[in-house]
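Presented below is the structure to which this report refers.
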Amino acid sequence: MEKKQVVSRRKFLGTAGTIGVVGSIGMSSLIAACGKDKSGKNLPELNKLDQAPDGEVLKAGLVGCGNRGTGAAFDFLNAGPNLELVALADVFDDQVQLCRGKLKKNKNVDIPDNMCFTGFDGYKKLIESGVDIVLLATPPHFRPEHLAACVEAKKHVFMEKPAAVDPVGIRSIIGSAKKAEAIGLCIVGGTQRRHQRDYLETYRQVQMGAIGDIVAANGYWLQNHVWYRTRQEEWSDMEYMIRNWNNFRWLCGDHFLDTHVHNIDVINWFSGGQPISVIGGGARHRRLTGDQWDFFSVDFYYGNGVHSHSMSRQIDNCANATAEHIRGTEGYTNCQNTIFNPDGSIKWKYKYPEDANGNETTTPKVSPYVQEHIDLVTAIRTNQPIVEAEELALSTLTAIMGREAAYTGKKFTWEEISRSSMRMGPSEYVMGPVDMEVVTPVPGTAHGQF
């Protein structure tokens, strides 16, 4: 029987240039133990806080003032008492001003001129401005550099997904995670399902053996084509790409990373590891901007006969859905709130809170987007550090491995992708021409080469 990838994963961690094993990852410091998994080890029982405990004022700064970053700022402010958003940074001043206006209108938060920073080095000025926490929400290409600077300055971090766009960036993220663990910093990732109460309880049931041994899985994120911006005459190559970042692979990693990483992360989380190899395919047929693909179909092999099929698509006027499914020897689950018997009857279902009329609702009591900030602030104020950067990095690397297998038409192993020297993007960041070839990958050709 083929072993899972434990050995190759350890080798990968070694290439990050750090020492030690996976440390303060997950929410163990915020939950109480109850129940046992299939091997007899204690499992956590949910004991989530509805808001973070009170404490001294924590000041946060936001790097990346687009829609997701602005949303993260609101979520942070909603997480508990004595939380302040005091600084903003973005490459573009108009993005800073737009976010600034929303904070004033919706939260009555005034960000003074001297706490607004622009340009490629704006994040450095924000880090030095006296903040305690940095919210990282720029295009993911910049995440490794920004996280490294935050950890070096001993700042706590909320970092959006994905962790990076290439293996070089992933190794940087893991190196930063190790340093953060060593000095007691907290880093929470934007994979909010790991903080979502229904997902967490379903995970716990699966670990206690509710579906038996995992034999197969699949995840999919199928949606319409997302936003794009028409190039303006005055925009340089760099400005056009960054303003249109969700359509360029070097900035977002393609949608197989940018959105589908959520589903991949859930499969890795529930199965307890990463795949050992992958093959896949996909194509570009409908897009008119950027260099991304329209769809992916990828088969991850986790060893011991276990395969997970991943689908990711962004095409208008198609059937849309977002979900994860895991099948075991004694049942199956949608990972979110229900466990089924093999015949399809319900074995267990998560109980959502009731409304004022006593009717069961369909969502957790606290939004997972707020819960992840509650968990971050709680960890800081209770001095029980959590560092989720490595688990996010490994799930992102899983997505990178699948993406590259699809792009090239080749089979990839965890060992190969872990040691790859691949780096995406230009060698320097300036507002002007971009010295790099922008070509959509074609499997089996030179343009599909890894």
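Following the order of the structure tokens, first chain is A, next is B, and so on, with residues numbered from 1 inside each chain and ligands from 1 in the order they appear.
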### Query
What's the 10 Å shell around range 313-327 of chain A, counting only C-alpha atoms, without same-chain residues fewer than 3 positions away, as an NGL selection string?
:A and (206 or 211-226 or 255-256 or 259-260 or 262-267 or 270-271 or 282-287 or 293-297 or 306 or 308-310 or 330-336 or 339-340 or 342)
### Message
Need the shell around range 143-150 of chain A: protein/DNA/RNA residues with any atom at most 9 Å away, counting only C-alpha atoms. Skip same-chain ones fewer than 2 positions apart. Format as number ranges by chain?
### Response
A: 63, 123-124, 127, 133-134, 136-141, 152-157, 159-160, 162-165, 169-173, 175-177
Store the residues of this selection in a file with C-alpha atoms, as a PDB file, in the first residue's frame.
```pdb
ATOM      1  CA  VAL A  63      -2.479  47.139   3.334  1.00  0.00           C
ATOM      2  CA  TYR A 123       3.295  49.036   3.394  1.00  0.00           C
ATOM      3  CA  LYS A 124       6.687  49.723   4.981  1.00  0.00           C
ATOM      4  CA  ILE A 127       4.260  49.009   9.486  1.00  0.00           C
ATOM      5  CA  ILE A 133      -1.826  44.459  13.735  1.00  0.00           C
ATOM      6  CA  VAL A 134      -1.471  44.547   9.949  1.00  0.00           C
ATOM      7  CA  LEU A 136      -2.758  42.121   4.390  1.00  0.00           C
ATOM      8  CA  ALA A 137      -5.203  42.190   1.471  1.00  0.00           C
ATOM      9  CA  THR A 138      -3.184  43.142  -1.606  1.00  0.00           C
ATOM     10  CA  PRO A 139      -2.984  40.941  -4.706  1.00  0.00           C
ATOM     11  CA  PRO A 140      -1.400  37.702  -3.415  1.00  0.00           C
ATOM     12  CA  HIS A 141       1.817  38.080  -5.419  1.00  0.00           C
ATOM     13  CA  GLU A 152      10.467  41.262  11.105  1.00  0.00           C
ATOM     14  CA  ALA A 153       8.763  44.279  12.727  1.00  0.00           C
ATOM     15  CA  LYS A 154       6.993  41.983  15.249  1.00  0.00           C
ATOM     16  CA  LYS A 155       3.464  42.802  14.121  1.00  0.00           C
ATOM     17  CA  HIS A 156       0.479  40.480  14.409  1.00  0.00           C
ATOM     18  CA  VAL A 157      -1.121  39.737  11.043  1.00  0.00           C
ATOM     19  CA  MET A 159      -3.458  37.690   5.809  1.00  0.00           C
ATOM     20  CA  GLU A 160      -5.905  37.009   3.028  1.00  0.00           C
ATOM     21  CA  PRO A 162      -4.030  32.643  -1.184  1.00  0.00           C
ATOM     22  CA  ALA A 163      -0.646  32.788   0.543  1.00  0.00           C
ATOM     23  CA  ALA A 164       1.407  33.311  -2.640  1.00  0.00           C
ATOM     24  CA  VAL A 165       1.352  32.559  -6.371  1.00  0.00           C
ATOM     25  CA  GLY A 169       6.679  32.677  -2.354  1.00  0.00           C
ATOM     26  CA  ILE A 170       5.340  29.671  -0.449  1.00  0.00           C
ATOM     27  CA  ARG A 171       8.736  28.930   1.050  1.00  0.00           C
ATOM     28  CA  SER A 172       8.995  32.559   2.136  1.00  0.00           C
ATOM     29  CA  ILE A 173       5.590  32.364   3.832  1.00  0.00           C
ATOM     30  CA  GLY A 175       9.848  30.816   6.815  1.00  0.00           C
ATOM     31  CA  SER A 176       7.919  33.809   8.150  1.00  0.00           C
ATOM     32  CA  ALA A 177       5.489  31.488   9.933  1.00  0.00           C
TER      33      ALA A 177
END
```
### Query
Please, which residues of range 156-318 of chain A, numbered as in this document, come out alpha helix (DSSP H) from DSSP, as a PyMOL selection string?
chain A and resi 167-183+197-207+237-243+249-252+255-258+261-271
